[in-house]
$ cat target-v7.cif   # mmCIF, C-alpha atoms
data_entry
#
loop_
_atom_site.label_atom_id
_atom_site.label_comp_id
_atom_site.auth_asym_id
_atom_site.auth_seq_id
_atom_site.Cartn_x
_atom_site.Cartn_y
_atom_site.Cartn_z
CA MET A 64 93.11 217.24 -38.60
CA TYR A 65 93.75 216.71 -42.28
CA ILE A 66 92.30 213.61 -43.93
CA LEU A 67 93.84 212.39 -47.16
CA ASP A 68 91.28 211.26 -49.71
CA THR A 69 92.17 208.14 -51.65
CA ASP A 70 93.47 210.17 -54.59
CA HIS A 71 95.91 212.20 -52.48
CA LEU A 72 97.21 209.09 -50.71
CA SER A 73 97.63 207.35 -54.09
CA PHE A 74 99.64 210.32 -55.40
CA ILE A 75 101.98 209.99 -52.42
CA GLN A 76 102.30 206.22 -52.89
CA ARG A 77 103.16 206.62 -56.59
CA ASN A 78 105.87 209.17 -55.70
CA GLY A 79 105.11 211.39 -58.70
CA GLN A 80 105.09 215.19 -58.88
CA GLU A 81 101.63 215.47 -57.29
CA GLY A 82 102.71 213.25 -54.40
CA LYS A 83 105.88 215.26 -53.85
CA ARG A 84 103.87 218.50 -53.74
CA ILE A 85 101.50 216.99 -51.17
CA LEU A 86 104.39 215.70 -49.03
CA THR A 87 106.09 219.10 -49.13
CA ARG A 88 102.95 220.81 -47.85
CA LEU A 89 102.38 218.11 -45.22
CA ALA A 90 105.93 218.59 -43.95
CA ALA A 91 105.17 222.27 -43.38
CA VAL A 92 102.12 221.51 -41.22
CA GLU A 93 103.01 221.54 -37.53
CA GLU A 94 101.30 219.52 -34.82
CA VAL A 95 98.26 218.62 -36.88
CA GLU A 96 97.19 215.03 -37.28
CA ILE A 97 97.33 213.61 -40.79
CA ALA A 98 95.10 210.59 -41.40
CA VAL A 99 93.08 208.58 -43.87
CA THR A 100 89.67 207.02 -43.42
CA VAL A 101 88.94 203.33 -43.16
CA ILE A 102 87.00 203.87 -46.42
CA THR A 103 90.22 204.76 -48.23
CA TYR A 104 91.79 201.63 -46.78
CA GLU A 105 88.85 199.58 -48.07
CA GLU A 106 89.08 201.14 -51.54
CA GLN A 107 92.79 200.46 -51.81
CA VAL A 108 92.56 196.89 -50.51
CA ARG A 109 89.71 196.15 -52.94
CA GLY A 110 91.82 197.57 -55.77
CA ARG A 111 94.81 195.41 -54.88
CA LEU A 112 92.64 192.30 -54.52
CA SER A 113 91.09 193.03 -57.91
CA VAL A 114 94.55 193.18 -59.51
CA LEU A 115 95.42 189.92 -57.78
CA SER A 116 92.25 188.19 -59.01
CA ARG A 117 93.10 189.14 -62.62
CA ALA A 118 96.71 187.89 -62.42
CA LYS A 119 97.02 185.05 -64.91
CA ASN A 120 100.62 183.90 -64.62
CA PRO A 121 103.24 183.65 -61.87
CA ASP A 122 104.93 186.95 -62.79
CA GLU A 123 101.62 188.83 -62.63
CA GLN A 124 100.79 187.12 -59.32
CA ILE A 125 104.18 188.05 -57.85
CA LEU A 126 103.72 191.67 -58.88
CA ALA A 127 100.16 191.71 -57.53
CA TYR A 128 101.25 190.28 -54.19
CA GLN A 129 104.11 192.78 -54.00
CA GLY A 130 101.55 195.57 -54.42
CA LEU A 131 99.35 194.09 -51.70
CA GLN A 132 102.31 193.73 -49.34
CA GLN A 133 103.45 197.31 -50.05
CA LEU A 134 99.95 198.49 -49.19
CA ALA A 135 100.15 196.69 -45.83
CA THR A 136 103.52 198.35 -45.21
CA ASP A 137 102.17 201.79 -46.15
CA TYR A 138 99.31 201.54 -43.68
CA ARG A 139 101.58 200.75 -40.73
CA SER A 140 102.51 204.43 -40.51
CA ILE A 141 99.14 206.04 -41.23
CA VAL A 142 96.42 206.91 -38.75
CA ILE A 143 93.14 205.34 -39.94
CA VAL A 144 90.00 207.17 -38.82
CA PRO A 145 87.11 204.76 -38.21
CA PHE A 146 83.55 204.76 -39.52
CA THR A 147 81.75 205.28 -36.22
CA ARG A 148 78.06 205.35 -35.32
CA ARG A 149 78.21 209.14 -35.50
CA ALA A 150 79.76 208.95 -38.98
CA ALA A 151 77.12 206.39 -40.03
CA LEU A 152 74.33 208.77 -38.99
CA GLU A 153 76.03 211.63 -40.83
CA HIS A 154 76.39 209.38 -43.88
CA GLN A 155 72.65 208.71 -43.84
CA ARG A 156 71.97 212.46 -43.72
CA LEU A 157 74.38 213.08 -46.60
CA ARG A 158 72.80 210.29 -48.70
CA LYS A 159 69.46 212.09 -48.47
CA ALA A 160 70.93 215.54 -49.10
CA TYR A 161 73.27 214.49 -51.96
CA PRO A 162 71.73 211.42 -53.64
CA ARG A 163 73.84 211.76 -56.79
CA LEU A 164 77.19 211.57 -55.05
CA GLY A 165 79.00 208.26 -54.71
CA ASN A 166 78.43 206.21 -51.57
CA MET A 167 82.12 205.83 -50.73
CA ASP A 168 82.71 209.57 -51.18
CA LEU A 169 79.80 210.28 -48.86
CA LYS A 170 81.27 207.95 -46.24
CA ILE A 171 84.63 209.75 -46.47
CA ALA A 172 82.80 213.08 -46.21
CA ALA A 173 80.83 211.87 -43.18
CA ILE A 174 84.01 210.80 -41.39
CA SER A 175 85.67 214.11 -42.25
CA LEU A 176 82.69 216.12 -41.01
CA THR A 177 82.30 214.22 -37.74
CA ASN A 178 86.00 214.68 -37.02
CA ASN A 179 85.97 218.37 -37.96
CA ALA A 180 88.72 217.62 -40.47
CA ILE A 181 89.83 219.21 -43.72
CA LEU A 182 89.65 216.71 -46.58
CA LEU A 183 92.60 216.83 -48.96
CA THR A 184 91.26 215.73 -52.34
CA ARG A 185 91.47 216.40 -56.03
CA ASN A 186 87.77 215.52 -56.39
CA LEU A 187 86.43 218.99 -55.68
CA SER A 188 83.64 218.60 -58.25
CA ASP A 189 81.92 216.02 -56.03
CA PHE A 190 83.13 216.86 -52.52
CA GLY A 191 82.71 220.58 -53.24
CA GLN A 192 78.94 220.08 -53.46
CA ILE A 193 78.82 219.28 -49.75
CA ILE A 194 78.53 222.82 -48.43
CA GLU A 195 79.68 222.18 -44.87
CA LEU A 196 82.69 220.04 -45.87
CA ARG A 197 86.08 221.77 -45.86
CA THR A 198 88.25 220.61 -48.78
CA GLU A 199 91.61 221.53 -50.28
CA ASP A 200 93.54 220.19 -53.26
CA TRP A 201 97.25 220.00 -52.50
CA SER A 202 98.16 218.07 -55.65
CA LYS A 203 98.52 221.22 -57.82
#

$ encode --input "target-v7.cif" --output "structure tokens"
Amino acid sequence: MYILDTDHLSFIQRNGQEGKRILTRLAAVEEVEIAVTVITYEEQVRGRLSVLSRAKNPDEQILAYQGLQQLATDYRSIVIVPFTRRAALEHQRLRKAYPRLGNMDLKIAAISLTNNAILLTRNLSDFGQIIELRTEDWSK
């Protein structure tokens, strides 16, 4: 299983060069599940709701709601891996072992580890510190 970190999913959603490189590599992968974590979903929903809360006029609100609706559409075709009890226990272990890493990153790492997945991310400086976590950057 490959799990897309929030950055890799965002590259795909923006349809830029990085996203196209990721999609090309994903297309070459046969019979392997591609997924995101529920943490990525949370991060993206929070981001869209933040944009919506800052919208001051009707045009900004329309654009913000379009972004929120597009997000809902995007997630219809993506497998979302849950934050299970096993992942929660792994997260607690990671919090103790890597106290300087961000909480959301540690949750994504915990889900990836408990699902024996490879995490596709550009954030190798943080995720790379977690020795047992397998990571790759497909955006380059």

$ atom_distance --input "target-v7.cif" --atom1 "CA of Lys119 in chain A" --atom2 "CA of Gln133 in chain A"
20.3 Å

$ atom_distance --input "target-v7.cif" --atom1 "CA of Arg197 in chain A" --atom2 "CA of Arg139 in chain A"
26.6 Å

$ atom_distance --input "target-v7.cif" --atom1 "CA of Gly82 in chain A" --atom2 "CA of Asp68 in chain A"
12.5 Å

$ residues_around --input "target-v7.cif" --residues "Glu153 in chain A" --least-positions-apart "4" --cutoff "7 Å" --atoms "all atoms listed in the file" --output "PDB file with C-alpha atoms, in the coordinates of the input"
ATOM      1  CA  ARG A 149      78.210 209.140 -35.500  1.00  0.00           C
ATOM      2  CA  LEU A 157      74.380 213.080 -46.600  1.00  0.00           C
ATOM      3  CA  ALA A 173      80.830 211.870 -43.180  1.00  0.00           C
TER       4      ALA A 173
END

$ resolve_selection --input "target-v7.cif" --expression "the PyMOL selection byres ((chain A and resi 98) around 7)" --output "VMD selection string"
chain A and resid 65 to 67 96 to 97 99 to 100 141 to 144

$ residues_around --input "target-v7.cif" --residues "range 103-117 of chain A" --least-positions-apart "5" --cutoff "7 Å" --atoms "only C-alpha atoms" --output "list in words"
Asp68, Thr69, Gln124, Ala127, Tyr128, Gly130 and Leu131 of chain A

$ resolve_selection --input "target-v7.cif" --expression "the PyMOL selection byres ((chain A and resi 75) around 12)" --output "number ranges by chain"
A: 67-74, 76-89, 137, 201-202

$ closest_residue --input "target-v7.cif" --among "A:Leu164, A:Ala91, A:Leu169, A:Ile102" --to "Ser188 in chain A" --atoms "all atoms listed in the file"
A:Leu164

$ closest_residue --input "target-v7.cif" --among "A:Ala172, A:Leu182, A:Val101, A:Val95" --to "Met64 in chain A" --atoms "all atoms listed in the file"
A:Val95

$ resolve_selection --input "target-v7.cif" --expression "the PyMOL selection byres ((chain A and resi 196) around 12)" --output "number ranges by chain"
A: 66, 153, 157, 168-169, 171-184, 187, 189-195, 197-199

$ decode --input "target-v7.cif" --residues "range 97-112 of chain A" --atoms "all heavy atoms" --output "PDB file, in the first residue's frame"
ATOM      1  N   ILE A  97      -3.669   2.546  -3.359  1.00  0.00           N
ATOM      2  CA  ILE A  97      -3.245   3.921  -3.145  1.00  0.00           C
ATOM      3  C   ILE A  97      -4.295   4.548  -2.230  1.00  0.00           C
ATOM      4  O   ILE A  97      -5.496   4.443  -2.488  1.00  0.00           O
ATOM      5  CB  ILE A  97      -3.187   4.719  -4.468  1.00  0.00           C
ATOM      6  CG1 ILE A  97      -2.377   3.971  -5.538  1.00  0.00           C
ATOM      7  CG2 ILE A  97      -2.662   6.117  -4.232  1.00  0.00           C
ATOM      8  CD1 ILE A  97      -0.946   3.733  -5.206  1.00  0.00           C
ATOM      9  N   ALA A  98      -3.846   5.208  -1.167  1.00  0.00           N
ATOM     10  CA  ALA A  98      -4.788   5.745  -0.190  1.00  0.00           C
ATOM     11  C   ALA A  98      -4.242   7.016   0.433  1.00  0.00           C
ATOM     12  O   ALA A  98      -3.104   7.417   0.172  1.00  0.00           O
ATOM     13  CB  ALA A  98      -5.041   4.702   0.898  1.00  0.00           C
ATOM     14  N   VAL A  99      -5.083   7.641   1.225  1.00  0.00           N
ATOM     15  CA  VAL A  99      -4.687   8.744   2.101  1.00  0.00           C
ATOM     16  C   VAL A  99      -5.158   8.375   3.499  1.00  0.00           C
ATOM     17  O   VAL A  99      -5.955   7.461   3.681  1.00  0.00           O
ATOM     18  CB  VAL A  99      -5.298  10.102   1.676  1.00  0.00           C
ATOM     19  CG1 VAL A  99      -4.819  10.515   0.302  1.00  0.00           C
ATOM     20  CG2 VAL A  99      -6.810  10.066   1.733  1.00  0.00           C
ATOM     21  N   THR A 100      -4.698   9.111   4.486  1.00  0.00           N
ATOM     22  CA  THR A 100      -5.168   8.870   5.845  1.00  0.00           C
ATOM     23  C   THR A 100      -6.305   9.829   6.177  1.00  0.00           C
ATOM     24  O   THR A 100      -6.458  10.880   5.552  1.00  0.00           O
ATOM     25  CB  THR A 100      -4.051   9.078   6.885  1.00  0.00           C
ATOM     26  OG1 THR A 100      -3.717  10.467   6.932  1.00  0.00           O
ATOM     27  CG2 THR A 100      -2.821   8.240   6.553  1.00  0.00           C
ATOM     28  N   VAL A 101      -7.065   9.469   7.166  1.00  0.00           N
ATOM     29  CA  VAL A 101      -8.128  10.351   7.645  1.00  0.00           C
ATOM     30  C   VAL A 101      -7.521  11.650   8.197  1.00  0.00           C
ATOM     31  O   VAL A 101      -8.185  12.683   8.219  1.00  0.00           O
ATOM     32  CB  VAL A 101      -9.024   9.634   8.679  1.00  0.00           C
ATOM     33  CG1 VAL A 101      -8.277   9.378   9.992  1.00  0.00           C
ATOM     34  CG2 VAL A 101     -10.321  10.382   8.909  1.00  0.00           C
ATOM     35  N   ILE A 102      -6.251  11.624   8.559  1.00  0.00           N
ATOM     36  CA  ILE A 102      -5.562  12.826   9.044  1.00  0.00           C
ATOM     37  C   ILE A 102      -5.395  13.820   7.900  1.00  0.00           C
ATOM     38  O   ILE A 102      -5.603  15.021   8.067  1.00  0.00           O
ATOM     39  CB  ILE A 102      -4.194  12.472   9.666  1.00  0.00           C
ATOM     40  CG1 ILE A 102      -4.313  11.338  10.695  1.00  0.00           C
ATOM     41  CG2 ILE A 102      -3.531  13.711  10.255  1.00  0.00           C
ATOM     42  CD1 ILE A 102      -5.350  11.522  11.775  1.00  0.00           C
ATOM     43  N   THR A 103      -5.037  13.326   6.722  1.00  0.00           N
ATOM     44  CA  THR A 103      -4.941  14.194   5.546  1.00  0.00           C
ATOM     45  C   THR A 103      -6.300  14.810   5.235  1.00  0.00           C
ATOM     46  O   THR A 103      -6.407  16.001   4.935  1.00  0.00           O
ATOM     47  CB  THR A 103      -4.387  13.409   4.339  1.00  0.00           C
ATOM     48  OG1 THR A 103      -3.006  13.158   4.575  1.00  0.00           O
ATOM     49  CG2 THR A 103      -4.551  14.167   3.037  1.00  0.00           C
ATOM     50  N   TYR A 104      -7.339  13.990   5.319  1.00  0.00           N
ATOM     51  CA  TYR A 104      -8.696  14.510   5.107  1.00  0.00           C
ATOM     52  C   TYR A 104      -8.988  15.630   6.108  1.00  0.00           C
ATOM     53  O   TYR A 104      -9.473  16.700   5.728  1.00  0.00           O
ATOM     54  CB  TYR A 104      -9.705  13.363   5.234  1.00  0.00           C
ATOM     55  CG  TYR A 104     -11.137  13.811   5.087  1.00  0.00           C
ATOM     56  CD1 TYR A 104     -11.634  14.205   3.855  1.00  0.00           C
ATOM     57  CD2 TYR A 104     -11.991  13.851   6.184  1.00  0.00           C
ATOM     58  CE1 TYR A 104     -12.951  14.624   3.711  1.00  0.00           C
ATOM     59  CE2 TYR A 104     -13.300  14.259   6.054  1.00  0.00           C
ATOM     60  CZ  TYR A 104     -13.779  14.656   4.824  1.00  0.00           C
ATOM     61  OH  TYR A 104     -15.071  15.072   4.684  1.00  0.00           O
ATOM     62  N   GLU A 105      -8.677  15.403   7.371  1.00  0.00           N
ATOM     63  CA  GLU A 105      -8.895  16.434   8.398  1.00  0.00           C
ATOM     64  C   GLU A 105      -8.125  17.709   8.071  1.00  0.00           C
ATOM     65  O   GLU A 105      -8.678  18.811   8.139  1.00  0.00           O
ATOM     66  CB  GLU A 105      -8.463  15.918   9.769  1.00  0.00           C
ATOM     67  CG  GLU A 105      -8.579  16.959  10.865  1.00  0.00           C
ATOM     68  CD  GLU A 105      -7.972  16.543  12.190  1.00  0.00           C
ATOM     69  OE1 GLU A 105      -7.383  15.454  12.296  1.00  0.00           O
ATOM     70  OE2 GLU A 105      -8.087  17.346  13.142  1.00  0.00           O
ATOM     71  N   GLU A 106      -6.850  17.571   7.715  1.00  0.00           N
ATOM     72  CA  GLU A 106      -6.039  18.746   7.402  1.00  0.00           C
ATOM     73  C   GLU A 106      -6.624  19.542   6.237  1.00  0.00           C
ATOM     74  O   GLU A 106      -6.683  20.776   6.289  1.00  0.00           O
ATOM     75  CB  GLU A 106      -4.595  18.332   7.075  1.00  0.00           C
ATOM     76  CG  GLU A 106      -3.814  17.858   8.265  1.00  0.00           C
ATOM     77  CD  GLU A 106      -2.415  17.380   7.915  1.00  0.00           C
ATOM     78  OE1 GLU A 106      -2.181  16.888   6.784  1.00  0.00           O
ATOM     79  OE2 GLU A 106      -1.549  17.486   8.797  1.00  0.00           O
ATOM     80  N   GLN A 107      -7.063  18.841   5.209  1.00  0.00           N
ATOM     81  CA  GLN A 107      -7.596  19.547   4.047  1.00  0.00           C
ATOM     82  C   GLN A 107      -8.953  20.187   4.344  1.00  0.00           C
ATOM     83  O   GLN A 107      -9.211  21.305   3.894  1.00  0.00           O
ATOM     84  CB  GLN A 107      -7.672  18.616   2.840  1.00  0.00           C
ATOM     85  CG  GLN A 107      -6.290  18.290   2.293  1.00  0.00           C
ATOM     86  CD  GLN A 107      -6.334  17.831   0.860  1.00  0.00           C
ATOM     87  OE1 GLN A 107      -7.166  17.013   0.484  1.00  0.00           O
ATOM     88  NE2 GLN A 107      -5.434  18.363   0.051  1.00  0.00           N
ATOM     89  N   VAL A 108      -9.797  19.501   5.081  1.00  0.00           N
ATOM     90  CA  VAL A 108     -11.096  20.088   5.439  1.00  0.00           C
ATOM     91  C   VAL A 108     -10.880  21.321   6.311  1.00  0.00           C
ATOM     92  O   VAL A 108     -11.503  22.369   6.089  1.00  0.00           O
ATOM     93  CB  VAL A 108     -12.007  19.052   6.144  1.00  0.00           C
ATOM     94  CG1 VAL A 108     -13.219  19.719   6.777  1.00  0.00           C
ATOM     95  CG2 VAL A 108     -12.455  17.990   5.158  1.00  0.00           C
ATOM     96  N   ARG A 109     -10.007  21.224   7.293  1.00  0.00           N
ATOM     97  CA  ARG A 109      -9.710  22.394   8.147  1.00  0.00           C
ATOM     98  C   ARG A 109      -9.207  23.572   7.313  1.00  0.00           C
ATOM     99  O   ARG A 109      -9.579  24.706   7.551  1.00  0.00           O
ATOM    100  CB  ARG A 109      -8.691  22.038   9.216  1.00  0.00           C
ATOM    101  CG  ARG A 109      -9.243  21.232  10.363  1.00  0.00           C
ATOM    102  CD  ARG A 109      -8.120  20.916  11.357  1.00  0.00           C
ATOM    103  NE  ARG A 109      -8.566  20.019  12.387  1.00  0.00           N
ATOM    104  CZ  ARG A 109      -8.822  20.398  13.627  1.00  0.00           C
ATOM    105  NH1 ARG A 109      -8.672  21.654  13.982  1.00  0.00           N
ATOM    106  NH2 ARG A 109      -9.214  19.514  14.517  1.00  0.00           N
ATOM    107  N   GLY A 110      -8.348  23.269   6.335  1.00  0.00           N
ATOM    108  CA  GLY A 110      -7.833  24.332   5.465  1.00  0.00           C
ATOM    109  C   GLY A 110      -8.939  25.007   4.682  1.00  0.00           C
ATOM    110  O   GLY A 110      -9.001  26.234   4.592  1.00  0.00           O
ATOM    111  N   ARG A 111      -9.825  24.204   4.108  1.00  0.00           N
ATOM    112  CA  ARG A 111     -10.946  24.766   3.335  1.00  0.00           C
ATOM    113  C   ARG A 111     -11.895  25.564   4.231  1.00  0.00           C
ATOM    114  O   ARG A 111     -12.399  26.622   3.834  1.00  0.00           O
ATOM    115  CB  ARG A 111     -11.710  23.659   2.610  1.00  0.00           C
ATOM    116  CG  ARG A 111     -10.949  23.071   1.464  1.00  0.00           C
ATOM    117  CD  ARG A 111     -10.753  24.093   0.388  1.00  0.00           C
ATOM    118  NE  ARG A 111      -9.962  23.568  -0.695  1.00  0.00           N
ATOM    119  CZ  ARG A 111      -9.559  24.297  -1.706  1.00  0.00           C
ATOM    120  NH1 ARG A 111      -9.881  25.568  -1.784  1.00  0.00           N
ATOM    121  NH2 ARG A 111      -8.837  23.768  -2.655  1.00  0.00           N
ATOM    122  N   LEU A 112     -12.163  25.070   5.423  1.00  0.00           N
ATOM    123  CA  LEU A 112     -13.043  25.795   6.352  1.00  0.00           C
ATOM    124  C   LEU A 112     -12.401  27.093   6.817  1.00  0.00           C
ATOM    125  O   LEU A 112     -13.097  28.095   7.019  1.00  0.00           O
ATOM    126  CB  LEU A 112     -13.409  24.910   7.548  1.00  0.00           C
ATOM    127  CG  LEU A 112     -14.296  23.712   7.222  1.00  0.00           C
ATOM    128  CD1 LEU A 112     -14.496  22.845   8.462  1.00  0.00           C
ATOM    129  CD2 LEU A 112     -15.633  24.142   6.632  1.00  0.00           C
TER     130      LEU A 112
END
